[in-house]
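Reading through the structure tokens given below for one structure.
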Amino acid sequence: MRSPSFPGFPREGIQFFRGLARNNNRDWFQPRKPLFEEHVKQPMVDLVEALNAALVGYAPQYVTDPAKAIYRFYRDTRFSKDKSPYKQQIAASFPRHGLERHGGGGFYCAISHKEVAVGGGVYMPSPETLLAIRTHIAAHYSELRRLTPSRTVRNLFGELQGEQLTRVPKGFAADHPAEDLLRMKQFLLYIELPPDIVTTPKLFREIESRFRAMAPFLEFLNAPLAPARKKMNARELFG
């Protein structure tokens, strides 16, 4: 089977983002919408499809239809002081099948003229989700400690990130050997890479290598949340 690949975004896409940073308004965007569709949105679809093809080999439960993976480019300004209508990046996430986009751990990447963001984990868990993950960590913390400090993960992401409580939450022993992990409210692996890779094949390789490295970490987080595994055929994976 031929390895998936992606040539990178066209330079016109990066130029679009630079222009948008200076002119984030409808009058500027509307005449350039065809440029956005051709040089930003369609390449992002192609990148998601290439990542999906790679995920089939080691994380098939995260393969996601590009139409669902890619975030809306239009900002929700209803409750924001910033009324600029468009996001200054294009991003996609790959949640685990059976879980909502923010209902568990998933992969994430975002492209702009400023950086390439790559990450994964649990960002905004509900109280029920967070309790389930903490309970799982309390019983299996040694496994998580083996996953996150591995040389590969450290080289590609650095340390495990996320907001923390100052004390161990109620229901868990204050002297639990995983008290540092139980205090966490988020569980994230995340890094920002330089933008010079956006227009090159290196973009796909840098994202995909990090997806591959974090896959066991995501499966650990999703273990108490995800439905039972089942073998999936191509139609189920790709719709």
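Naming scheme: A, B, ... for chains in displayed order of the structure tokens; residues 1 onward per chain; ligands 1 onward as shown.
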
With a distance cut-off of 12 Å and only C-alpha atoms, select the neighbouring residues of Glu208 of chain A, excluding the residue or stretch itself and same-chain residues fewer than 4 positions from it, and output the selection as a tab-separated table (two decimals) with C-alpha atoms, in the first residue's frame.
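So the final result, stored in around.tsv, reads:
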chain	number	residue	atom	x	y	z
A	3	SER	CA	2.12	5.69	1.96
A	4	PRO	CA	-0.18	8.73	2.25
A	5	SER	CA	1.37	12.10	1.51
A	6	PHE	CA	0.50	15.76	1.13
A	47	LEU	CA	-4.45	17.18	4.41
A	48	VAL	CA	-7.24	15.64	6.51
A	49	GLU	CA	-7.70	12.89	3.93
A	50	ALA	CA	-3.97	12.12	3.97
A	51	LEU	CA	-3.96	12.01	7.78
A	52	ASN	CA	-7.03	9.75	7.72
A	53	ALA	CA	-5.22	7.35	5.42
A	54	ALA	CA	-2.34	7.21	7.90
A	55	LEU	CA	-4.63	6.83	10.92
A	56	VAL	CA	-6.16	3.70	9.39
A	57	GLY	CA	-2.91	1.92	10.19
A	58	TYR	CA	-2.68	2.68	13.92
A	59	ALA	CA	-5.76	4.63	15.11
A	107	PHE	CA	-6.09	14.63	17.61
A	108	TYR	CA	-5.83	18.29	16.54
A	109	CYS	CA	-3.90	20.40	14.04
A	118	VAL	CA	-0.25	20.01	16.59
A	119	GLY	CA	-1.73	18.42	19.65
A	156	LEU	CA	7.99	15.63	19.77
A	201	PRO	CA	5.71	17.98	2.21
A	202	LYS	CA	7.37	18.20	5.64
A	203	LEU	CA	4.08	19.56	7.01
A	204	PHE	CA	2.33	16.21	6.68
A	212	ARG	CA	1.33	8.40	15.73
A	213	ALA	CA	3.32	9.12	18.91
A	214	MET	CA	0.32	10.36	20.87
A	215	ALA	CA	-2.12	7.61	19.81

Can you list, as a list in words, every protein, DNA or RNA residue that comes within 7 Å of Thr64 of chain A when you count only C-alpha atoms, leaving out same-chain residues fewer than 4 positions away?
Asn52, Lys68, Ala69 and Phe94 of chain A

Could you work out how far atom CA of Glu12 of chain A lies from atom CA of Ala91 of chain A, giving the answer in Å with one decimal?
17.5 Å

Write out, as a Markdown table, each residue of segment 70-175 of chain A that has an atom at most 10 Å from segment 34-41 of chain A, together with the closest pair of atoms and their distance in Å to one decimal, counting only C-alpha atoms, rows going by chain and rising number.
| residue | atom | partner | partner_atom | distance |
| --- | --- | --- | --- | --- |
| A:Ile70 | CA | A:Lys41 | CA | 8.8 |
| A:Phe73 | CA | A:Lys41 | CA | 9.1 |
| A:Gln89 | CA | A:Val40 | CA | 9.4 |
| A:Ile90 | CA | A:Lys41 | CA | 7.7 |
| A:Ala91 | CA | A:Lys41 | CA | 9.8 |
| A:Ile111 | CA | A:Val40 | CA | 9.3 |
| A:Ser112 | CA | A:Val40 | CA | 9.6 |

Could you give me, as a PyMOL selection string, the residues within 9 Å of segment 133-137 of chain A, counting only C-alpha atoms and dropping anything in the same chain fewer than 3 positions from it?
chain A and resi 128-130+140-144+172+178+181-184+220-225

The selected residues should be written to file as a compact mmCIF listing (two decimals), in the first residue's frame (atoms: N, CA and C atoms).
# COMPACT_ATOMS: atom_id res chain seq x y z
N GLU A 128 -18.42 15.02 34.44
CA GLU A 128 -18.55 13.57 34.41
C GLU A 128 -17.36 12.92 33.69
N THR A 129 -16.96 13.54 32.58
CA THR A 129 -15.81 13.02 31.82
C THR A 129 -14.54 13.11 32.64
N LEU A 130 -14.35 14.25 33.29
CA LEU A 130 -13.14 14.45 34.08
C LEU A 130 -13.08 13.46 35.24
N HIS A 140 -4.75 3.23 37.24
CA HIS A 140 -3.78 2.80 36.20
C HIS A 140 -2.70 3.87 35.96
N TYR A 141 -2.36 4.63 36.96
CA TYR A 141 -1.43 5.75 36.79
C TYR A 141 -0.06 5.33 36.29
N SER A 142 0.37 4.12 36.64
CA SER A 142 1.70 3.69 36.20
C SER A 142 1.77 3.59 34.68
N GLU A 143 0.64 3.22 34.05
CA GLU A 143 0.61 3.15 32.59
C GLU A 143 0.75 4.54 31.98
N LEU A 144 0.05 5.52 32.54
CA LEU A 144 0.16 6.88 32.02
C LEU A 144 1.56 7.43 32.22
N PHE A 172 -10.47 11.52 46.21
CA PHE A 172 -9.18 10.87 45.99
C PHE A 172 -8.25 11.20 47.15
N ALA A 178 -0.32 9.30 42.47
CA ALA A 178 -0.52 10.05 41.22
C ALA A 178 -1.23 11.37 41.50
N LEU A 181 -1.11 14.00 38.81
CA LEU A 181 -1.96 13.74 37.65
C LEU A 181 -3.44 13.94 37.99
N LEU A 182 -3.83 13.59 39.19
CA LEU A 182 -5.23 13.73 39.60
C LEU A 182 -5.64 15.19 39.74
N ARG A 183 -4.67 16.06 39.98
CA ARG A 183 -4.98 17.48 40.09
C ARG A 183 -5.23 18.14 38.74
N MET A 184 -4.89 17.46 37.67
CA MET A 184 -5.02 18.06 36.35
C MET A 184 -6.48 18.17 35.93
N PHE A 220 -5.46 5.77 26.16
CA PHE A 220 -5.50 5.68 27.63
C PHE A 220 -6.59 6.60 28.17
N LEU A 221 -6.62 7.85 27.72
CA LEU A 221 -7.61 8.80 28.21
C LEU A 221 -9.03 8.37 27.86
N ASN A 222 -9.19 7.77 26.70
CA ASN A 222 -10.53 7.40 26.23
C ASN A 222 -11.00 6.03 26.75
N ALA A 223 -10.10 5.29 27.37
CA ALA A 223 -10.45 3.93 27.81
C ALA A 223 -11.70 3.90 28.69
N PRO A 224 -11.88 4.82 29.63
CA PRO A 224 -13.10 4.75 30.46
C PRO A 224 -14.31 5.43 29.80
N LEU A 225 -14.12 5.99 28.61
CA LEU A 225 -15.19 6.77 27.96
C LEU A 225 -15.72 6.14 26.69

Using DSSP secondary structure from the backbone, list all strand (DSSP E) positions within segment 12-225 of chain A, as an MDAnalysis selection string.
chainID A and resid 90:95 106:111 116:122 187:193

Could you save those same residues with N, CA and C atoms as a PDB file, in the first residue's frame?
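Now in out-v9.pdb:
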ATOM      1  N   ILE A  90      -6.815  27.742   9.984  1.00  0.00           N
ATOM      2  CA  ILE A  90      -7.765  26.692   9.637  1.00  0.00           C
ATOM      3  C   ILE A  90      -7.347  25.449  10.401  1.00  0.00           C
ATOM      4  N   ALA A  91      -8.308  24.828  11.066  1.00  0.00           N
ATOM      5  CA  ALA A  91      -7.980  23.760  12.007  1.00  0.00           C
ATOM      6  C   ALA A  91      -8.889  22.560  11.803  1.00  0.00           C
ATOM      7  N   ALA A  92      -8.440  21.426  12.312  1.00  0.00           N
ATOM      8  CA  ALA A  92      -9.227  20.195  12.227  1.00  0.00           C
ATOM      9  C   ALA A  92      -8.982  19.362  13.469  1.00  0.00           C
ATOM     10  N   SER A  93      -9.994  18.600  13.863  1.00  0.00           N
ATOM     11  CA  SER A  93      -9.842  17.665  14.971  1.00  0.00           C
ATOM     12  C   SER A  93     -10.383  16.302  14.568  1.00  0.00           C
ATOM     13  N   PHE A  94      -9.862  15.292  15.238  1.00  0.00           N
ATOM     14  CA  PHE A  94     -10.200  13.902  14.932  1.00  0.00           C
ATOM     15  C   PHE A  94     -10.623  13.232  16.233  1.00  0.00           C
ATOM     16  N   PRO A  95     -11.902  13.328  16.610  1.00  0.00           N
ATOM     17  CA  PRO A  95     -12.366  12.691  17.844  1.00  0.00           C
ATOM     18  C   PRO A  95     -12.506  11.183  17.671  1.00  0.00           C
ATOM     19  N   GLY A 106      -8.803  13.483  21.508  1.00  0.00           N
ATOM     20  CA  GLY A 106      -8.725  13.434  20.059  1.00  0.00           C
ATOM     21  C   GLY A 106      -7.481  14.126  19.552  1.00  0.00           C
ATOM     22  N   PHE A 107      -7.217  13.964  18.267  1.00  0.00           N
ATOM     23  CA  PHE A 107      -6.089  14.625  17.609  1.00  0.00           C
ATOM     24  C   PHE A 107      -6.514  16.018  17.135  1.00  0.00           C
ATOM     25  N   TYR A 108      -5.535  16.917  16.965  1.00  0.00           N
ATOM     26  CA  TYR A 108      -5.834  18.288  16.542  1.00  0.00           C
ATOM     27  C   TYR A 108      -4.653  18.849  15.762  1.00  0.00           C
ATOM     28  N   CYS A 109      -4.952  19.640  14.730  1.00  0.00           N
ATOM     29  CA  CYS A 109      -3.899  20.399  14.044  1.00  0.00           C
ATOM     30  C   CYS A 109      -4.498  21.683  13.502  1.00  0.00           C
ATOM     31  N   ALA A 110      -3.681  22.718  13.396  1.00  0.00           N
ATOM     32  CA  ALA A 110      -4.128  24.012  12.888  1.00  0.00           C
ATOM     33  C   ALA A 110      -3.011  24.641  12.070  1.00  0.00           C
ATOM     34  N   ILE A 111      -3.404  25.294  10.981  1.00  0.00           N
ATOM     35  CA  ILE A 111      -2.444  25.877  10.044  1.00  0.00           C
ATOM     36  C   ILE A 111      -2.691  27.378   9.930  1.00  0.00           C
ATOM     37  N   VAL A 116       2.343  26.241  12.922  1.00  0.00           N
ATOM     38  CA  VAL A 116       1.586  25.003  12.753  1.00  0.00           C
ATOM     39  C   VAL A 116       1.399  24.424  14.149  1.00  0.00           C
ATOM     40  N   ALA A 117       0.158  24.296  14.569  1.00  0.00           N
ATOM     41  CA  ALA A 117      -0.133  23.749  15.892  1.00  0.00           C
ATOM     42  C   ALA A 117      -0.529  22.282  15.756  1.00  0.00           C
ATOM     43  N   VAL A 118       0.062  21.442  16.587  1.00  0.00           N
ATOM     44  CA  VAL A 118      -0.250  20.012  16.586  1.00  0.00           C
ATOM     45  C   VAL A 118      -0.443  19.581  18.034  1.00  0.00           C
ATOM     46  N   GLY A 119      -1.508  18.847  18.281  1.00  0.00           N
ATOM     47  CA  GLY A 119      -1.734  18.417  19.650  1.00  0.00           C
ATOM     48  C   GLY A 119      -2.795  17.352  19.751  1.00  0.00           C
ATOM     49  N   GLY A 120      -3.112  17.039  20.984  1.00  0.00           N
ATOM     50  CA  GLY A 120      -4.145  16.058  21.246  1.00  0.00           C
ATOM     51  C   GLY A 120      -4.338  15.888  22.727  1.00  0.00           C
ATOM     52  N   GLY A 121      -5.486  15.341  23.090  1.00  0.00           N
ATOM     53  CA  GLY A 121      -5.781  15.121  24.481  1.00  0.00           C
ATOM     54  C   GLY A 121      -7.193  15.540  24.814  1.00  0.00           C
ATOM     55  N   VAL A 122      -7.411  15.865  26.071  1.00  0.00           N
ATOM     56  CA  VAL A 122      -8.723  16.285  26.567  1.00  0.00           C
ATOM     57  C   VAL A 122      -8.601  17.738  27.012  1.00  0.00           C
ATOM     58  N   PHE A 187      -5.642  17.399  29.947  1.00  0.00           N
ATOM     59  CA  PHE A 187      -4.564  16.446  29.676  1.00  0.00           C
ATOM     60  C   PHE A 187      -4.165  16.626  28.222  1.00  0.00           C
ATOM     61  N   LEU A 188      -3.054  17.343  27.990  1.00  0.00           N
ATOM     62  CA  LEU A 188      -2.740  17.783  26.633  1.00  0.00           C
ATOM     63  C   LEU A 188      -1.282  17.527  26.271  1.00  0.00           C
ATOM     64  N   LEU A 189      -1.081  17.090  25.038  1.00  0.00           N
ATOM     65  CA  LEU A 189       0.222  17.137  24.386  1.00  0.00           C
ATOM     66  C   LEU A 189       0.077  18.159  23.269  1.00  0.00           C
ATOM     67  N   TYR A 190       0.965  19.131  23.212  1.00  0.00           N
ATOM     68  CA  TYR A 190       0.760  20.244  22.272  1.00  0.00           C
ATOM     69  C   TYR A 190       2.096  20.897  21.953  1.00  0.00           C
ATOM     70  N   ILE A 191       2.239  21.291  20.686  1.00  0.00           N
ATOM     71  CA  ILE A 191       3.452  21.992  20.261  1.00  0.00           C
ATOM     72  C   ILE A 191       3.115  22.896  19.088  1.00  0.00           C
ATOM     73  N   GLU A 192       3.848  23.985  18.972  1.00  0.00           N
ATOM     74  CA  GLU A 192       3.727  24.878  17.822  1.00  0.00           C
ATOM     75  C   GLU A 192       5.022  24.817  17.026  1.00  0.00           C
ATOM     76  N   LEU A 193       4.887  24.552  15.731  1.00  0.00           N
ATOM     77  CA  LEU A 193       6.028  24.411  14.834  1.00  0.00           C
ATOM     78  C   LEU A 193       6.146  25.643  13.946  1.00  0.00           C
TER      79      LEU A 193
END

DSSP on the backbone: which residues in segment 5-219 of chain A end up as alpha helix (DSSP H)? Give the answer as a PyMOL selection string.
chain A and resi 11-22+26-29+33-36+42-58+66-69+127-147+151-157+179-182+202-219

Atom CA of Ser84 of chain A to atom CA of Glu115 of chain A: how many Å, to one decimal?
20.0 Å

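Interatomic distance, atom CA of Leu160 of chain A to atom CA of Leu147 of chain A: 10.2 Å.
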
Between A:Lys81, A:Arg151, A:Arg11, A:Lys114, which one has atoms that come closest to Pro194 of chain A, using only C-alpha atoms?
A:Lys114

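Excluding Pro85 of chain A itself and same-chain residues fewer than 2 positions from it, the residues having an atom within 8 Å of it are Asn24, Asn25, Arg26, Tyr74, Arg75, Asp76, Thr77, Lys83 and Lys87 of chain A, counting only C-alpha atoms.
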
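Residue neighbourhood of Thr200 of chain A, excluding near-sequence residues (fewer than 4 positions): Pro7, Gly8, Phe9 and Asp196 of chain A, at 8 Å, using only C-alpha atoms.
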